[in-house]
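Trainee: First the structure, then my questions, so here it is.
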2 protein chains.
Amino acid sequence: MLDTAESQGARSPIACYLQSLHRRYAGLNEGAVADYIPELAKADPNWFGICIATRDGHVYEIGDTRQAFTIQSVSKALAYGLALEDRGESHVLSRIGVEPSGDAFNAISLKAGSGAPFNPMINAGAIATCGQVFAKDGRSRIDRILAYLSACAGRTLHIDQAVYRSESDTGHRNRAIGWMLRNFDIIGEEPTDILETYFQQCAISVTCRDLALMAATLANQGRNPQTLEQAIAPEYVDNILSVMATCGMYDFSGEWIYRVGLPAKSGVGGGIMAVLPGQLGIGIFSPPLDSQGNSARGIRACADLSRDLSLHLFGNQGTPPSPIRLSYDGGQVSSRRRRPVHVQAALRGSGHRIRLFELQGELHFSNIEPVMHEALKQAPYCQYLILNCRNVGAIDAVARRLLGELNETLSGIGVQLHLCHVDRLVHAGGKLPLDARQIHHDDDAALEHCENDLLARQLGPTWNEVPAVSLAETHLLNGLETDDLAWLEREMPKRVAQAGDYLMRAGEAGNCLYLMLSGTVEVRLPDPEGDVGKRIGVFVASMSFGEMALIDGSPRSADVVALTEAGYAEIDRNLFTRLDSERPQLKIRLLERLARQISENLRRTNSEVAAYKA
Amino acid sequence: MLDTAESQGARSPIACYLQSLHRRYAGLNEGAVADYIPELAKADPNWFGICIATRDGHVYEIGDTRQAFTIQSVSKALAYGLALEDRGESHVLSRIGVEPSGDAFNAISLKAGSGAPFNPMINAGAIATCGQVFAKDGRSRIDRILAYLSACAGRTLHIDQAVYRSESDTGHRNRAIGWMLRNFDIIGEEPTDILETYFQQCAISVTCRDLALMAATLANQGRNPQTLEQAIAPEYVDNILSVMATCGMYDFSGEWIYRVGLPAKSGVGGGIMAVLPGQLGIGIFSPPLDSQGNSARGIRACADLSRDLSLHLFGNQGTPPSPIRLSYDGGQVSSRRRRPVHVQAALRGSGHRIRLFELQGELHFSNIEPVMHEALKQAPYCQYLILNCRNVGAIDAVARRLLGELNETLSGIGVQLHLCHVDRLVHAGGKLPLDARQIHHDDDAALEHCENDLLARQLGPTWNEVPAVSLAETHLLNGLETDDLAWLEREMPKRVAQAGDYLMRAGEAGNCLYLMLSGTVEVRLPDPEGDVGKRIGVFVASMSFGEMALIDGSPRSADVVALTEAGYAEIDRNLFTRLDSERPQLKIRLLERLARQISENLRRTNSEVAAYKA
């Protein structure tokens, strides 16, 4: 909570709210500290901490959030995740059910017949869960459980040895449960090691802040939002949250979901861990327990948090913005590839056949569905559909598969699908179900690819062959008076650059305009790390560039590099100034043409801004 | 599903998937059609429909989705919503619990002592729920229930009278339950009318498509996604979904949430309604029932849908994109108000003191939290924070309150908070907790307000007083040769416009450039409905406009209207052409200056594009 403004004395309204909530219940005199072992009875009944950790890893805390206490039953939810990772869902389900039992936490509650515990949140189920965790790679069960919980909390946790010994010394009822589980073959070995593991697991020392971060890790699909470690395999997060939702608060579970609406788990140490999936985690700590074994202040504070901040799982949390952030066509925004005039004219008539969607969010079924729907709606009006994934955080297997199917469907009706900015999609695992030619580095590259393809259809396969031109054939000079052209032919130096030569470098003083006579050059933003910079334009024979520097003397904003052997002529500042006295009418014509070129660029850029603000 | 591309033969991949799912179970030979009344036994065991309706109102359907059948117990979930609307949560909770009973649907299952039914999804709870619904405004209980369910489905529903009579003729067990409820005063009147209401409610005739739309209405916070009617009060949607989640599938509920992860309700007519909150609704219909009374094909198809499309409630559905879509400062993007040169220079040095966040999504706690966090982080570096809400769909009471508190916090450290594009936020109900001066029509107005405030601090209170200027003092002509200026003084007509006069209109051929000598004019985009158009610029004395038309002869793109009495001089095309022969050096100077102005606009617009693509 110590960000820069707060260090200046400005407190987050969330911190203020938590303070008022803490005050509301700090004086509450309900419940009693657990005393079935002496170590727990030592807890100060006034301890009270509340902590929220968000999916971005922001932590808000008030009160005794750094006070150590033992995790107790809160550990059951997380250990269940490790058991699932070790054995797989169906194996675990065959031994431990997932139905609420309606009984107290320490009831033996085994199903008639199979002897399977009703669910992993009651002691019988939690002990059976311990038995599902492997000792492996030279690490004992408890070492692995401790490491797993530590990854969830984002720091190394330890066992409170005094509490562990105390739990073990008095754990006769749990030993009875262990032997019943052995009797039904739910546990395949003598339960001794499993029981000691269970006692140690319950005695892991945590803080309220740890519980909030564990909860936030569950909210964040198993990835700790501060360390970014994938602490819990994402495919089992829904299993853990499901049992927390239906069985996490014992026989208070139905009412808990109804009133509070947050999957949660409590422990007799006074801790409660509650999760708003996809959003945030809550940790609360206060030792006095109510008659159901839940922290009395914790239950009230959690219910108030849910009500005051509208955190109910089924409340209005879940309507994300449309996955299509922007939709525009290639007539509104064109690639940075500058085109000769006749090519530009061809594109002006057909650019709208390219449709571009800027996507956002994470792509799963509910987000890819509107994209497919809109794609099929636009399909009759376009030949190319570009999905810009720059703001897409991830893609799941379902969306990946549907994207491949959309590609086939579109291809069947003559529409090419293209993707760009897919780095995070590819990182997320798995190949994209598209051909490499359909995947582009950025939106500009994708747009240019589609423009080029469109131009080849419109202008024939040779559209892109740009013959060398004379000075008189360049766009800037075309149509000038013969004697003006002759004068320029005489006065303008002509040069040839080899592929790889720099014609200009960003930051240099600009003092000349270039007229391309042959070949191709590329405009690149300088890369701060010395790599090849981002391409922002291409010029071919007949086009000119560098005019802004002649007009306002500003330094070059980009590098220009020859891609092929490239012939060009220059008008430098001296020559441009000499025109004033030697050929004023020519100067006027050139200025008019340059101003018109800049105006055209401005109109194009204004259209681009309008598309982005649509 | 008949959008344009589909009518051309292209089928949505979702339609294809549903077809394969339908094929997978169409031949399944499990379960038996309900036969406790003859009317239900008439159902064709081969009927099988699957329908998905999204929060956008897109409907995907396959099979017998338009076949009528009776809603039966699916109605219990919705009628519970009406009871809550009529009586309020605490009254209803005092009579009907929300804990899973672990018993079959028709068990009498009343809590010891109070006699309250365990939950509203068993028959006892559903009959008690009927008793909570008022007959009022001349409408009977069943009329109100029918209207309520019709609004959820988005079409007028009717009662299947044959099924109703059959239910009523054989409903002895339910009558027993009714009298038990009367005995415990859960029902305050003789149960006869309530029971008939209940029989009629169960006999409402629906289709699989209706169930999908009812489910989508629940997914969409109670608003039917096609009719956009608020069918269910949004504050009770979480209650309905909670009881569906914990009690909707009888004693299969724990496993249902674990495996399928969708709050759901089934009926003996063969229907299942399942909800992915915030995202979509599913309707499935197939009459043969399994031993638990759920549609056999329905259970399998729903489980497959959840697995194949990753629809589990606690799966990776929930990480929305960051609520801050873009963040940039007033140095990167400036208001469209064009400034005299010395004012522009002042802003260049201080524009970064204005910070602008473009927000997106719906503002609730989890989305406003990162905004507050980032605001407090930026606060030490800025004096103004503008929240652009153009892409914000709604704001809840919590975010509204926190916004007010953020405003106070920022104000305490000298940062002004401003909002723009708040129409949808205000529509959503309730005032925004900010002063009217902090709320602006659009981002441009907000930016200009902050720029003006910043300029007043920098340049003193009189910064905005623009004295009338002579032609020689205008930015375009300032510093020209004396005899050029004298020539222009002589040749340029000077005019005065009155407040409200149009200097130009969009679409007109442009043939002159204007030099402002006094007063203020505003540039407006023409409004298609004849209203005052969107302001896109303001010009004051010393500035010029209309130069693009002189350069490239394009028609005017906007209206220009005098806001005050405004003096100006014109250079029209004739005069501009005459300069070529009469004063070529002056023409050269003017063209250079015009080209420089256009270049500056281009640079500013490029910077704006870069901010939007950041």
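Every chain in the structure tokens has a letter given in the order shown (A, B, ...), and although residue numbers restart at 1 in each chain, ligands are simply numbered from 1 in the order shown.
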Do you know which residues are at most 9 Å from segment 66-80 of chain B counting only C-alpha atoms, after dropping those on the same chain fewer than 4 positions away, and could you put them as an MDAnalysis selection string?
Mentor: chainID B and resid 40 43 47 49 84:85 120:123 125:127 129:130 132:133 145 148:149 152 159:160 163 199 201:211 214 232 239:241 243:244 248 264:273 285 287
Trainee: Could you pull the residues within 12 Å of Leu181 of chain B, counting only C-alpha atoms, minus those fewer than 5 positions along the same chain, as a ChimeraX atom specification?
Mentor: /B:95-96,108-111,114-117,123-131,174-176,186-192,194-195
Trainee: What is the distance between atom CA of Ser607 of chain B and atom CA of Gln344 of chain B, in Å to one decimal?
Mentor: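 According to the coordinates, atom CA of Ser607 of chain B and atom CA of Gln344 of chain B are separated by 15.3 Å.
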Trainee: Within 12 Å of segment 20-23 of chain B, counting only C-alpha atoms, which residues show up once you throw out same-chain ones fewer than 2 positions away? Write them as a short mmCIF file (atom, residue, chain, number, x, y, z; two decimals) with N, CA, C and O atoms, in the first residue's frame, please.
Mentor:
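Generated output (part27.cif):
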```cif
data_model
loop_
_atom_site.label_atom_id
_atom_site.label_comp_id
_atom_site.auth_asym_id
_atom_site.auth_seq_id
_atom_site.Cartn_x
_atom_site.Cartn_y
_atom_site.Cartn_z
N PRO B 13 -18.83 -22.14 -36.80
CA PRO B 13 -18.23 -23.30 -36.14
C PRO B 13 -19.01 -23.71 -34.89
O PRO B 13 -19.01 -24.89 -34.53
N ILE B 14 -19.71 -22.78 -34.27
CA ILE B 14 -20.49 -23.13 -33.08
C ILE B 14 -21.69 -23.99 -33.49
O ILE B 14 -22.01 -24.98 -32.83
N ALA B 15 -22.33 -23.62 -34.59
CA ALA B 15 -23.43 -24.43 -35.10
C ALA B 15 -22.94 -25.84 -35.44
O ALA B 15 -23.61 -26.84 -35.14
N CYS B 16 -21.76 -25.92 -36.04
CA CYS B 16 -21.21 -27.24 -36.39
C CYS B 16 -20.95 -28.06 -35.13
O CYS B 16 -21.24 -29.25 -35.08
N TYR B 17 -20.38 -27.39 -34.12
CA TYR B 17 -20.11 -28.11 -32.87
C TYR B 17 -21.41 -28.63 -32.27
O TYR B 17 -21.49 -29.79 -31.85
N LEU B 18 -22.44 -27.77 -32.21
CA LEU B 18 -23.71 -28.21 -31.60
C LEU B 18 -24.29 -29.39 -32.37
O LEU B 18 -24.87 -30.30 -31.78
N TYR B 25 -25.44 -37.73 -28.81
CA TYR B 25 -26.39 -38.27 -27.84
C TYR B 25 -27.79 -38.52 -28.38
O TYR B 25 -28.65 -39.01 -27.65
N ALA B 26 -28.04 -38.19 -29.65
CA ALA B 26 -29.39 -38.37 -30.18
C ALA B 26 -29.82 -39.85 -30.08
O ALA B 26 -30.99 -40.16 -29.83
N GLY B 27 -28.86 -40.76 -30.24
CA GLY B 27 -29.20 -42.19 -30.21
C GLY B 27 -29.14 -42.81 -28.82
O GLY B 27 -29.39 -44.00 -28.65
N LEU B 28 -28.82 -42.00 -27.82
CA LEU B 28 -28.69 -42.53 -26.45
C LEU B 28 -30.01 -43.13 -25.98
O LEU B 28 -31.06 -42.51 -26.11
N ASN B 46 -37.60 -39.43 -28.40
CA ASN B 46 -36.53 -39.02 -29.31
C ASN B 46 -36.34 -37.50 -29.37
O ASN B 46 -35.36 -37.03 -29.95
N TRP B 47 -37.31 -36.75 -28.83
CA TRP B 47 -37.14 -35.29 -28.86
C TRP B 47 -35.82 -34.91 -28.18
O TRP B 47 -35.53 -35.39 -27.08
N PHE B 48 -35.07 -34.01 -28.81
CA PHE B 48 -33.77 -33.63 -28.26
C PHE B 48 -33.37 -32.29 -28.87
O PHE B 48 -33.20 -32.17 -30.09
N GLY B 49 -33.30 -31.30 -28.05
CA GLY B 49 -32.90 -29.98 -28.53
C GLY B 49 -31.83 -29.39 -27.64
O GLY B 49 -31.80 -29.65 -26.44
N ILE B 50 -30.91 -28.64 -28.24
CA ILE B 50 -29.85 -27.95 -27.49
C ILE B 50 -29.81 -26.51 -28.00
O ILE B 50 -29.83 -26.27 -29.21
N CYS B 51 -29.76 -25.58 -27.08
CA CYS B 51 -29.77 -24.18 -27.49
C CYS B 51 -28.85 -23.37 -26.57
O CYS B 51 -28.87 -23.54 -25.35
N GLU B 61 -28.85 -23.01 -32.06
CA GLU B 61 -29.76 -24.07 -31.67
C GLU B 61 -29.70 -25.24 -32.64
O GLU B 61 -29.39 -25.06 -33.81
N ILE B 62 -30.00 -26.41 -32.12
CA ILE B 62 -29.98 -27.62 -32.94
C ILE B 62 -31.05 -28.57 -32.41
O ILE B 62 -31.27 -28.67 -31.21
N GLY B 63 -31.71 -29.23 -33.33
CA GLY B 63 -32.70 -30.25 -32.92
C GLY B 63 -34.05 -29.64 -32.57
O GLY B 63 -34.44 -28.61 -33.14
N ASP B 64 -34.74 -30.27 -31.61
CA ASP B 64 -36.13 -29.92 -31.32
C ASP B 64 -36.23 -28.74 -30.36
O ASP B 64 -36.83 -28.84 -29.28
N THR B 65 -35.64 -27.62 -30.78
CA THR B 65 -35.58 -26.47 -29.88
C THR B 65 -36.87 -25.66 -29.90
O THR B 65 -37.03 -24.77 -29.09
N ILE B 284 -31.61 -27.14 -22.60
CA ILE B 284 -31.56 -28.47 -23.21
C ILE B 284 -32.91 -29.14 -22.95
O ILE B 284 -33.52 -28.94 -21.89
N PHE B 285 -33.36 -29.90 -23.93
CA PHE B 285 -34.66 -30.57 -23.80
C PHE B 285 -34.56 -31.99 -24.35
O PHE B 285 -34.16 -32.18 -25.51
N SER B 286 -34.89 -32.93 -23.53
CA SER B 286 -35.01 -34.33 -23.96
C SER B 286 -35.77 -35.05 -22.86
O SER B 286 -35.34 -35.09 -21.71
N ARG B 297 -30.24 -37.38 -21.50
CA ARG B 297 -29.43 -36.75 -22.55
C ARG B 297 -28.97 -35.36 -22.11
O ARG B 297 -27.87 -34.93 -22.41
N GLY B 298 -29.88 -34.68 -21.41
CA GLY B 298 -29.59 -33.30 -20.99
C GLY B 298 -28.36 -33.22 -20.10
O GLY B 298 -27.51 -32.37 -20.27
N ARG B 300 -25.89 -35.35 -19.87
CA ARG B 300 -24.66 -35.64 -20.62
C ARG B 300 -24.28 -34.51 -21.56
O ARG B 300 -23.11 -34.14 -21.67
N ALA B 301 -25.29 -33.98 -22.26
CA ALA B 301 -24.99 -32.92 -23.23
C ALA B 301 -24.48 -31.68 -22.49
O ALA B 301 -23.54 -31.01 -22.95
N CYS B 302 -25.05 -31.39 -21.33
CA CYS B 302 -24.65 -30.21 -20.59
C CYS B 302 -23.21 -30.38 -20.06
O CYS B 302 -22.40 -29.47 -20.13
N ALA B 303 -22.92 -31.59 -19.57
CA ALA B 303 -21.56 -31.85 -19.08
C ALA B 303 -20.56 -31.75 -20.23
O ALA B 303 -19.47 -31.17 -20.08
N ASP B 304 -20.93 -32.29 -21.39
CA ASP B 304 -20.01 -32.19 -22.54
C ASP B 304 -19.82 -30.74 -22.98
O ASP B 304 -18.71 -30.32 -23.31
N LEU B 305 -20.93 -29.99 -23.03
CA LEU B 305 -20.85 -28.58 -23.40
C LEU B 305 -19.86 -27.85 -22.50
O LEU B 305 -19.00 -27.10 -22.96
N SER B 306 -19.99 -28.09 -21.19
CA SER B 306 -19.13 -27.42 -20.24
C SER B 306 -17.67 -27.81 -20.48
O SER B 306 -16.79 -26.96 -20.47
N ARG B 307 -17.44 -29.11 -20.71
CA ARG B 307 -16.06 -29.57 -20.90
C ARG B 307 -15.52 -29.12 -22.26
O ARG B 307 -14.44 -28.55 -22.36
N ASP B 308 -16.32 -29.33 -23.31
CA ASP B 308 -15.82 -29.03 -24.66
C ASP B 308 -15.59 -27.54 -24.87
O ASP B 308 -14.72 -27.14 -25.64
N LEU B 309 -16.43 -26.71 -24.25
CA LEU B 309 -16.30 -25.27 -24.46
C LEU B 309 -15.68 -24.57 -23.25
O LEU B 309 -15.63 -23.34 -23.22
#
```
Trainee: When you look at Asp501 of chain A with a cut-off of 12 Å (counting only C-alpha atoms), what residues show up, excluding the ones that are within fewer than 3 positions of it in the same chain? I need them as a ChimeraX atom specification.
Mentor: /A:495-498,504-505,520-522,559-567
Trainee: Using the selection just defined, write its residues with all heavy atoms as a tab-separated table (two decimals), in the first residue's frame.
Mentor:
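Written out: out26.tsv:
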```
chain	number	residue	atom	x	y	z
A	495	ARG	N	22.27	9.93	-57.28
A	495	ARG	CA	23.15	9.00	-56.58
A	495	ARG	C	22.55	7.59	-56.64
A	495	ARG	O	21.37	7.41	-56.93
A	495	ARG	CB	23.28	9.41	-55.10
A	495	ARG	CG	23.70	10.84	-54.90
A	495	ARG	CD	23.93	11.15	-53.43
A	495	ARG	NE	23.92	12.58	-53.17
A	495	ARG	CZ	24.95	13.41	-53.50
A	495	ARG	NH1	26.05	12.94	-54.07
A	495	ARG	NH2	24.86	14.70	-53.23
A	496	VAL	N	23.41	6.62	-56.32
A	496	VAL	CA	22.93	5.24	-56.23
A	496	VAL	C	23.36	4.68	-54.87
A	496	VAL	O	24.52	4.80	-54.49
A	496	VAL	CB	23.52	4.37	-57.37
A	496	VAL	CG1	23.11	2.91	-57.19
A	496	VAL	CG2	23.07	4.89	-58.72
A	497	ALA	N	22.39	4.13	-54.13
A	497	ALA	CA	22.71	3.48	-52.85
A	497	ALA	C	22.69	1.97	-53.07
A	497	ALA	O	21.93	1.46	-53.90
A	497	ALA	CB	21.67	3.86	-51.80
A	498	GLN	N	23.56	1.27	-52.35
A	498	GLN	CA	23.57	-0.20	-52.41
A	498	GLN	C	22.65	-0.73	-51.29
A	498	GLN	O	22.44	-0.03	-50.28
A	498	GLN	CB	24.99	-0.74	-52.22
A	498	GLN	CG	25.98	-0.26	-53.28
A	498	GLN	CD	25.49	-0.54	-54.70
A	498	GLN	OE1	25.00	-1.63	-55.01
A	498	GLN	NE2	25.58	0.48	-55.57
A	504	MET	N	19.42	8.16	-44.78
A	504	MET	CA	19.39	9.14	-43.68
A	504	MET	C	19.29	8.38	-42.37
A	504	MET	O	18.94	7.20	-42.34
A	504	MET	CB	18.20	10.11	-43.82
A	504	MET	CG	16.83	9.46	-43.79
A	504	MET	SD	15.46	10.64	-43.64
A	504	MET	CE	15.32	11.29	-45.26
A	505	ARG	N	19.67	9.08	-41.31
A	505	ARG	CA	19.57	8.46	-39.99
A	505	ARG	C	18.76	9.37	-39.06
A	505	ARG	O	18.89	10.60	-39.12
A	505	ARG	CB	20.97	8.26	-39.39
A	505	ARG	CG	21.69	7.07	-39.99
A	505	ARG	CD	23.06	6.89	-39.36
A	505	ARG	NE	23.86	5.93	-40.10
A	505	ARG	CZ	23.86	4.61	-39.87
A	505	ARG	NH1	23.10	4.11	-38.91
A	505	ARG	NH2	24.63	3.80	-40.57
A	520	THR	N	14.06	0.26	-54.07
A	520	THR	CA	13.17	0.33	-52.90
A	520	THR	C	13.97	0.70	-51.66
A	520	THR	O	15.07	0.18	-51.45
A	520	THR	CB	12.52	-1.04	-52.66
A	520	THR	OG1	11.88	-1.47	-53.86
A	520	THR	CG2	11.49	-0.99	-51.54
A	521	VAL	N	13.43	1.59	-50.87
A	521	VAL	CA	14.05	1.91	-49.57
A	521	VAL	C	13.00	1.74	-48.48
A	521	VAL	O	11.80	1.80	-48.73
A	521	VAL	CB	14.61	3.36	-49.52
A	521	VAL	CG1	15.69	3.55	-50.56
A	521	VAL	CG2	13.50	4.38	-49.65
A	522	GLU	N	13.49	1.53	-47.28
A	522	GLU	CA	12.58	1.29	-46.16
A	522	GLU	C	12.83	2.34	-45.07
A	522	GLU	O	13.98	2.69	-44.80
A	522	GLU	CB	12.87	-0.11	-45.58
A	522	GLU	CG	11.91	-0.52	-44.50
A	522	GLU	CD	12.08	-1.98	-44.10
A	522	GLU	OE1	12.89	-2.24	-43.19
A	522	GLU	OE2	11.41	-2.85	-44.69
A	559	ASP	N	15.25	6.36	-39.65
A	559	ASP	CA	16.29	5.92	-40.58
A	559	ASP	C	15.64	5.57	-41.91
A	559	ASP	O	14.49	5.11	-41.96
A	559	ASP	CB	16.95	4.63	-40.07
A	559	ASP	CG	17.65	4.82	-38.73
A	559	ASP	OD1	18.06	5.96	-38.42
A	559	ASP	OD2	17.79	3.82	-37.99
A	560	VAL	N	16.40	5.78	-43.00
A	560	VAL	CA	15.96	5.26	-44.29
A	560	VAL	C	17.09	4.41	-44.86
A	560	VAL	O	18.23	4.88	-44.96
A	560	VAL	CB	15.58	6.39	-45.27
A	560	VAL	CG1	15.25	5.81	-46.65
A	560	VAL	CG2	14.38	7.18	-44.74
A	561	VAL	N	16.78	3.17	-45.19
A	561	VAL	CA	17.78	2.20	-45.60
A	561	VAL	C	17.39	1.63	-46.96
A	561	VAL	O	16.21	1.30	-47.17
A	561	VAL	CB	17.84	1.03	-44.59
A	561	VAL	CG1	19.02	0.11	-44.88
A	561	VAL	CG2	17.92	1.55	-43.17
A	562	ALA	N	18.36	1.50	-47.87
A	562	ALA	CA	18.07	0.90	-49.17
A	562	ALA	C	17.87	-0.60	-49.00
A	562	ALA	O	18.66	-1.28	-48.34
A	562	ALA	CB	19.21	1.17	-50.14
A	563	LEU	N	16.77	-1.12	-49.58
A	563	LEU	CA	16.54	-2.57	-49.53
A	563	LEU	C	17.13	-3.25	-50.76
A	563	LEU	O	17.45	-4.43	-50.74
A	563	LEU	CB	15.03	-2.86	-49.48
A	563	LEU	CG	14.31	-2.50	-48.19
A	563	LEU	CD1	12.85	-2.93	-48.28
A	563	LEU	CD2	14.99	-3.17	-46.99
A	564	THR	N	17.20	-2.49	-51.86
A	564	THR	CA	17.80	-2.97	-53.11
A	564	THR	C	18.76	-1.87	-53.55
A	564	THR	O	18.84	-0.82	-52.91
A	564	THR	CB	16.74	-3.09	-54.22
A	564	THR	OG1	16.20	-1.77	-54.48
A	564	THR	CG2	15.60	-4.00	-53.80
A	565	GLU	N	19.45	-2.09	-54.64
A	565	GLU	CA	20.16	-0.96	-55.24
A	565	GLU	C	19.10	0.08	-55.55
A	565	GLU	O	18.03	-0.25	-56.05
A	565	GLU	CB	20.86	-1.42	-56.53
A	565	GLU	CG	21.75	-0.35	-57.13
A	565	GLU	CD	22.40	-0.81	-58.43
A	565	GLU	OE1	23.45	-1.48	-58.36
A	565	GLU	OE2	21.84	-0.50	-59.51
A	566	ALA	N	19.36	1.32	-55.19
A	566	ALA	CA	18.31	2.34	-55.31
A	566	ALA	C	18.91	3.63	-55.88
A	566	ALA	O	19.89	4.16	-55.34
A	566	ALA	CB	17.70	2.62	-53.94
A	567	GLY	N	18.32	4.08	-56.99
A	567	GLY	CA	18.76	5.34	-57.57
A	567	GLY	C	17.87	6.47	-57.10
A	567	GLY	O	16.67	6.30	-56.96
```
Trainee: Could you check the closest approach to chain A for each of B:Glu196, B:Asp531, B:Asp423, B:Asp442 and tell me which residue wins, using only C-alpha atoms?
Mentor: B:Asp442
Trainee: Quick one: residues within 12 Å of segment 457-470 of chain A, only C-alpha atoms counted, chain neighbours fewer than 5 positions away excluded, as a VMD selection string?
Mentor: chain A and resid 339 to 340 342 to 351 353 383 450 to 452 475 to 478 485 to 486 488 to 489 494 515 to 520 539 to 543 565 to 569
Trainee: Using only C-alpha atoms, which residue out of A:Leu385, A:Val398, A:Val523, A:Ala296 lies closest to chain B?
Mentor: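 Among the listed residues, A:Val398 lies closest to chain B.
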Trainee: If you count only C-alpha atoms, which residues fall within 9 Å of segment 220-228 of chain B, apart from same-chain ones fewer than 3 positions away, as number ranges by chain?
Mentor: A: 314-316, 318-319; B: 53-58, 151-155, 213-217, 231-238, 277-281
